[in-house]
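A short write-up of the structure that comes next.
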Amino acid sequence: IDPPGRPRPGTVGLPVPGVELRIDRSAARGEGGHPDEGEILVRGPNVFAGYRNRPEATREAFAGEGWFRTGDLGWLDDDGYLHVSGRVSTLIVTPGGENIQPDDLEGRYADHKAIREIGILQHQGRLAALIVPAGGVDEGAEQRVRDAVGEIAGKLPSYQRLDELALTRSPLPRTRLGKIRRHELEQRFMRARSEGGESRQATPIALEDMSVEDRTLVEQPAAGQAWAWLAKRYPKQGLAPDSHMQMELGVDSMAWLGLSLELGQLTGVELDDAAIGRIDTVRDLLRELVDAAGGGKEGEKIADPVDEPERILEPVHLRWLRPRGPVILAVARAMYAVNRATMRGLFRLQVQGGQHVPVNGPVVLVCNHASYLDPFAVAAALSPARLHTLYWGGLAGVAFTNPLTRFGSRAAQVIPIDPQHGARSSLALAAAVLARERGLVWFPEGRRSESGALQPFRPGIGRLLARYPVPVVPVAIHGSYDALPPGHRIPRLRRLTLRFGEAIDPRRLAEEGQGDSAQDRIVDALEGRMKRLLAHPAPDDES
């Protein structure tokens, strides 16, 4: 409550006498929000003792010692005033590990005069929005909204920019207090997208129909080559200079890897991660190409992050590949011992097929990903000798968020994977590991599964294995989703089972799979093998 005579705007006040507050920062993983933000815990005579005859529900609701999990996010300032920032249940965690409170972001977009209402959600791992345009859904509404979204997005971090949007005439579903009914947004979004659905199936805009400024831009050699290439690649998307790369052409962070490389080989101009991060529209892309060519890069051989990782990587990246000193090695051994005891003891980890993992030499372990427990389970299943030769791909927004997690990642030989801001450097780091003839543990789905089911594999693993045909071992992890699914903070003690598949030569996968290129066929075959490995029932005995 706000104390009389001492109110503090923007806060909900101080706890009343006899009530304690605490912030559990483990609830707010990733970037975004206040640095001290977490779930608000409360303890006092106002807190109930637990659910009657429901011990598991009580354990979920309490953090121990009488601390009740409110489900609210917030932080305490230096004077003890409580700031409330949102709900844990509505928090969106991007594939890159950044946190987004949709209420806050909706406020930023809704400030624009072209947007009457907006509801932000996560759809198939992408940031999406259901929008009620100001003035109704008429012929020019979509373009007005896209212009508005692009204008606002230019002032926001890249992970807060919308990947997809759908327009609706109907008001957004709300409670009597005016809050959006978020559990209804996904269905409304899908329906609106379907009804709007004969999406633009137009040919690229003709040069004579462009503005003078855009025609002048396309007349530049690098921009002209890129425009012609894009027109062939996207013949039915109504390509125009103001087409949005993500929302209209579907170019997400991983797709930029192939796109920037192909454009680089075509135009002789290299776009780095920083330049790609500045691009929202086709016009932005053409300008970046022209500026880079003007800076003397035209005609240079473009560095492929897989073929030439050392040309892509900077010292800040290469430090994660340096050999560990004696102190860090000692910490790593202790971490391994504690993790092995935890996984084998509390989670009764069972391992099948461990003999398929080569004892030494380069190898790639490809794992399904449904829980934050997955890498710990894999680490506990490996021998110390094999473990110390492996590097792990870890999301930058999860494994590198503060000095403690960065130190732990360094000890465990985790390399930062940042699909939102550094896709090229992330793939180059993985390639550098294999080029040094070391082992790699990779989660090719790119993010945790929200349902526990296997998600499509991203193309990066195909590119790596096509270039470095080292033995690849699929690893099926059973039980981790039940033990700690996304959105949960306290693991349940469930049995975990790991099944290592046969070590395969990627060249064999390229013959086995379907696709236009070797890397596509490798991905297809590897995903098929993983599906079969996951479908096999977990046996009861440990091997």
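Each chain in the structure tokens gets a letter, A, B, ..., in the order shown, and its residues are numbered from 1; ligands are numbered from 1 in order too.
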So that I can check the surroundings of Arg144 in chain A, please list as an MDAnalysis selection string every protein, DNA and RNA residue that reaches within 12 Å of it, counting only C-alpha atoms and ignoring chain neighbours fewer than 2 positions away. chainID A and resid 112:115 131:142 146:151 167 242
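By chain and then residue number, the residues within 8 Å of range 511-521 of chain A are Pro459, Ile461, Gly462, Arg463, Leu465, Ala466, Arg507, Arg508, Asp524, Ala525 and Leu526 of chain A, counting only C-alpha atoms and disregarding those fewer than 3 positions away in sequence.
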Can you list, as a PyMOL selection string, every protein, DNA or RNA residue that comes within 12 Å of Val251 in chain A when you count only C-alpha atoms, leaving out same-chain residues fewer than 4 positions away? chain A and resi 126+163-164+230+233-234+243-247+255-260+276+279-282+285+420
Save the residues we just selected, N, CA, C and O atoms, as a compact mmCIF listing (two decimals), in the first residue's frame?
```txt
# COMPACT_ATOMS: atom_id res chain seq x y z
N ARG A 126 7.48 -17.36 -33.57
CA ARG A 126 7.68 -16.02 -34.14
C ARG A 126 6.78 -15.02 -33.42
O ARG A 126 5.70 -15.37 -32.95
N ASP A 163 7.17 -10.30 -36.51
CA ASP A 163 7.45 -11.14 -37.67
C ASP A 163 6.22 -11.34 -38.54
O ASP A 163 6.33 -11.52 -39.74
N GLU A 164 5.04 -11.37 -37.92
CA GLU A 164 3.80 -11.62 -38.65
C GLU A 164 2.70 -10.74 -38.08
O GLU A 164 2.74 -10.38 -36.89
N LEU A 230 15.92 -10.89 -56.16
CA LEU A 230 14.77 -10.98 -55.27
C LEU A 230 13.47 -11.15 -56.07
O LEU A 230 12.57 -11.88 -55.65
N ARG A 233 13.18 -14.69 -56.91
CA ARG A 233 12.99 -15.53 -55.74
C ARG A 233 11.59 -15.38 -55.16
O ARG A 233 11.02 -16.34 -54.62
N TYR A 234 11.01 -14.16 -55.25
CA TYR A 234 9.68 -13.89 -54.67
C TYR A 234 8.76 -13.34 -55.76
O TYR A 234 8.38 -12.17 -55.75
N SER A 243 8.49 -3.60 -49.15
CA SER A 243 8.11 -4.93 -48.65
C SER A 243 8.95 -5.25 -47.42
O SER A 243 10.17 -5.07 -47.41
N HIS A 244 8.28 -5.74 -46.39
CA HIS A 244 8.97 -6.06 -45.14
C HIS A 244 9.63 -7.43 -45.27
O HIS A 244 8.99 -8.41 -45.63
N MET A 245 10.93 -7.50 -44.95
CA MET A 245 11.68 -8.74 -45.15
C MET A 245 11.11 -9.89 -44.32
O MET A 245 11.04 -11.02 -44.81
N GLN A 246 10.71 -9.61 -43.08
CA GLN A 246 10.21 -10.69 -42.24
C GLN A 246 8.73 -10.94 -42.47
O GLN A 246 8.31 -12.06 -42.74
N MET A 247 7.92 -9.90 -42.35
CA MET A 247 6.47 -10.09 -42.34
C MET A 247 5.92 -10.46 -43.71
O MET A 247 4.92 -11.17 -43.80
N ALA A 255 17.12 -17.57 -41.96
CA ALA A 255 17.06 -17.45 -43.42
C ALA A 255 18.07 -16.42 -43.92
O ALA A 255 18.53 -16.50 -45.07
N TRP A 256 18.41 -15.45 -43.07
CA TRP A 256 19.40 -14.44 -43.48
C TRP A 256 20.75 -15.07 -43.80
O TRP A 256 21.53 -14.53 -44.60
N LEU A 257 21.07 -16.19 -43.16
CA LEU A 257 22.36 -16.83 -43.42
C LEU A 257 22.52 -17.15 -44.90
O LEU A 257 23.50 -16.74 -45.53
N GLY A 258 21.55 -17.90 -45.44
CA GLY A 258 21.64 -18.25 -46.85
C GLY A 258 21.43 -17.07 -47.76
O GLY A 258 22.13 -16.92 -48.78
N LEU A 259 20.48 -16.19 -47.40
CA LEU A 259 20.16 -15.05 -48.25
C LEU A 259 21.36 -14.11 -48.40
O LEU A 259 21.72 -13.70 -49.51
N SER A 260 22.00 -13.76 -47.28
CA SER A 260 23.12 -12.82 -47.34
C SER A 260 24.30 -13.42 -48.09
O SER A 260 25.03 -12.72 -48.80
N ILE A 276 22.76 -6.52 -41.15
CA ILE A 276 21.51 -7.28 -41.24
C ILE A 276 20.53 -6.85 -40.16
O ILE A 276 19.32 -6.77 -40.38
N ILE A 279 18.23 -3.96 -41.10
CA ILE A 279 17.36 -4.11 -42.27
C ILE A 279 15.96 -4.55 -41.86
O ILE A 279 15.79 -5.56 -41.19
N ASP A 280 14.96 -3.78 -42.26
CA ASP A 280 13.56 -4.16 -42.09
C ASP A 280 12.89 -4.41 -43.44
O ASP A 280 12.13 -5.35 -43.60
N THR A 281 13.14 -3.54 -44.40
CA THR A 281 12.46 -3.61 -45.70
C THR A 281 13.46 -3.91 -46.81
O THR A 281 14.68 -3.85 -46.62
N VAL A 282 12.92 -4.20 -47.99
CA VAL A 282 13.77 -4.42 -49.16
C VAL A 282 14.59 -3.16 -49.44
O VAL A 282 15.77 -3.23 -49.81
N LEU A 285 17.60 -3.13 -47.36
CA LEU A 285 18.58 -4.09 -47.86
C LEU A 285 19.37 -3.49 -49.03
O LEU A 285 20.60 -3.56 -49.07
N GLN A 420 18.94 -14.24 -33.23
CA GLN A 420 18.31 -12.95 -33.49
C GLN A 420 19.32 -11.90 -33.97
O GLN A 420 19.05 -11.13 -34.88
```
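Between CA of Gly394 in chain A and CA of Arg319 in chain A lies a distance of 15.2 Å.
Comparing the minimum interatomic distances between Asn46 in chain A and each of A:Pro17, A:Ser449, A:Ile490, A:His183, counting only C-alpha atoms, we find that A:Pro17 sits nearest.
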Using backbone DSSP assignments, extract all alpha helix (DSSP H) residues from range 319-510 of chain A; output them as number ranges by chain. A: 326-345, 374-381, 384-387, 396-399, 403-412, 423-435, 460-467, 480-483, 506-510
Compile the contact shell of His34 in chain A as a ChimeraX atom specification: residues with an atom at most 9 Å away, counting only C-alpha atoms, same-chain residues fewer than 3 positions apart removed. /A:37-38,74-75,85
For the residues in that selection, give me all heavy atoms as a short mmCIF file (atom, residue, chain, number, x, y, z; two decimals), in the first residue's frame.
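Done, and the output landed in result-v4.cif:
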```cif
data_model
loop_
_atom_site.label_atom_id
_atom_site.label_comp_id
_atom_site.auth_asym_id
_atom_site.auth_seq_id
_atom_site.Cartn_x
_atom_site.Cartn_y
_atom_site.Cartn_z
N GLU A 37 14.27 -7.65 -12.11
CA GLU A 37 12.92 -8.18 -12.26
C GLU A 37 12.88 -9.68 -12.02
O GLU A 37 13.81 -10.42 -12.34
CB GLU A 37 12.40 -7.87 -13.66
CG GLU A 37 10.98 -8.34 -13.91
CD GLU A 37 10.55 -8.09 -15.35
OE1 GLU A 37 11.03 -8.83 -16.23
OE2 GLU A 37 9.80 -7.15 -15.58
N GLY A 38 11.80 -10.14 -11.44
CA GLY A 38 11.56 -11.56 -11.24
C GLY A 38 10.15 -11.78 -10.73
O GLY A 38 9.34 -10.84 -10.68
N GLY A 74 7.88 -8.39 -11.12
CA GLY A 74 8.15 -7.05 -10.63
C GLY A 74 9.52 -6.96 -9.99
O GLY A 74 10.34 -7.89 -10.09
N TRP A 75 9.78 -5.84 -9.33
CA TRP A 75 11.05 -5.67 -8.63
C TRP A 75 10.86 -4.69 -7.47
O TRP A 75 9.89 -3.92 -7.44
CB TRP A 75 12.15 -5.20 -9.57
CG TRP A 75 12.03 -3.79 -10.06
CD1 TRP A 75 12.57 -2.66 -9.50
CD2 TRP A 75 11.31 -3.33 -11.22
NE1 TRP A 75 12.25 -1.55 -10.24
CE2 TRP A 75 11.48 -1.93 -11.30
CE3 TRP A 75 10.55 -3.98 -12.20
CZ2 TRP A 75 10.91 -1.17 -12.31
CZ3 TRP A 75 9.98 -3.21 -13.21
CH2 TRP A 75 10.17 -1.83 -13.25
N SER A 85 5.38 -5.42 -13.04
CA SER A 85 5.63 -5.23 -14.48
C SER A 85 4.83 -6.17 -15.38
O SER A 85 4.84 -6.00 -16.59
CB SER A 85 7.12 -5.41 -14.77
OG SER A 85 7.58 -6.65 -14.31
#
```
Record the distance separating CA of Leu346 in chain A and CA of Ala63 in chain A, expressed in Å with one decimal. 18.7 Å
Quick one: distance from CA of Leu249 in chain A to CA of Asp104 in chain A in Å, one decimal? 26.9 Å
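Nearest to Leu121 in chain A of all the residues A:Leu509, A:Gly154, A:Leu162, A:Val145 is A:Leu162, counting only C-alpha atoms.
Neighbouring residues of Thr11 in chain A at 8 Å or closer, counting only C-alpha atoms and skipping chain neighbours under 4 positions away, are Tyr81, Leu82, His83 and Val84 of chain A.
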Output file for the residues above (all heavy atoms, as a PDB file, in the first residue's frame):
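Contents of the output file out_12.pdb:
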```pdb
ATOM      1  N   TYR A  81       9.953  -0.141  -2.231  1.00  0.00           N
ATOM      2  CA  TYR A  81       8.689   0.012  -2.953  1.00  0.00           C
ATOM      3  C   TYR A  81       8.611  -1.053  -4.061  1.00  0.00           C
ATOM      4  O   TYR A  81       9.600  -1.322  -4.748  1.00  0.00           O
ATOM      5  CB  TYR A  81       8.581   1.396  -3.568  1.00  0.00           C
ATOM      6  CG  TYR A  81       8.217   2.486  -2.583  1.00  0.00           C
ATOM      7  CD1 TYR A  81       9.166   3.025  -1.718  1.00  0.00           C
ATOM      8  CD2 TYR A  81       6.911   2.982  -2.524  1.00  0.00           C
ATOM      9  CE1 TYR A  81       8.841   4.029  -0.817  1.00  0.00           C
ATOM     10  CE2 TYR A  81       6.573   3.988  -1.628  1.00  0.00           C
ATOM     11  CZ  TYR A  81       7.542   4.506  -0.772  1.00  0.00           C
ATOM     12  OH  TYR A  81       7.204   5.504   0.114  1.00  0.00           O
ATOM     13  N   LEU A  82       7.422  -1.606  -4.224  1.00  0.00           N
ATOM     14  CA  LEU A  82       7.223  -2.684  -5.189  1.00  0.00           C
ATOM     15  C   LEU A  82       6.735  -2.137  -6.527  1.00  0.00           C
ATOM     16  O   LEU A  82       5.746  -1.409  -6.592  1.00  0.00           O
ATOM     17  CB  LEU A  82       6.207  -3.700  -4.649  1.00  0.00           C
ATOM     18  CG  LEU A  82       5.859  -4.871  -5.574  1.00  0.00           C
ATOM     19  CD1 LEU A  82       7.078  -5.743  -5.828  1.00  0.00           C
ATOM     20  CD2 LEU A  82       4.714  -5.704  -4.979  1.00  0.00           C
ATOM     21  N   HIS A  83       7.425  -2.531  -7.605  1.00  0.00           N
ATOM     22  CA  HIS A  83       7.024  -2.215  -8.980  1.00  0.00           C
ATOM     23  C   HIS A  83       6.496  -3.495  -9.614  1.00  0.00           C
ATOM     24  O   HIS A  83       7.182  -4.524  -9.589  1.00  0.00           O
ATOM     25  CB  HIS A  83       8.212  -1.704  -9.793  1.00  0.00           C
ATOM     26  CG  HIS A  83       8.873  -0.481  -9.233  1.00  0.00           C
ATOM     27  ND1 HIS A  83       8.846   0.739  -9.881  1.00  0.00           N
ATOM     28  CD2 HIS A  83       9.571  -0.283  -8.072  1.00  0.00           C
ATOM     29  CE1 HIS A  83       9.521   1.612  -9.159  1.00  0.00           C
ATOM     30  NE2 HIS A  83       9.965   1.033  -8.060  1.00  0.00           N
ATOM     31  N   VAL A  84       5.315  -3.475 -10.180  1.00  0.00           N
ATOM     32  CA  VAL A  84       4.728  -4.644 -10.832  1.00  0.00           C
ATOM     33  C   VAL A  84       4.807  -4.434 -12.338  1.00  0.00           C
ATOM     34  O   VAL A  84       4.355  -3.403 -12.853  1.00  0.00           O
ATOM     35  CB  VAL A  84       3.271  -4.867 -10.392  1.00  0.00           C
ATOM     36  CG1 VAL A  84       2.676  -6.066 -11.128  1.00  0.00           C
ATOM     37  CG2 VAL A  84       3.196  -5.086  -8.891  1.00  0.00           C
TER      38      VAL A  84
END
```
Shell around Ala292 in chain A at 10 Å using only C-alpha atoms, local window under 6 positions removed, as a list in words: Ala222, Gly268, Val269, Glu270, Leu271, Asp272, Ala275, Leu286 and Glu298 of chain A
Between A:Tyr391, A:Arg278, A:Ile92, A:Thr216, which residue has the minimum interatomic distance to Trp320 in chain A, considering only C-alpha atoms? A:Tyr391
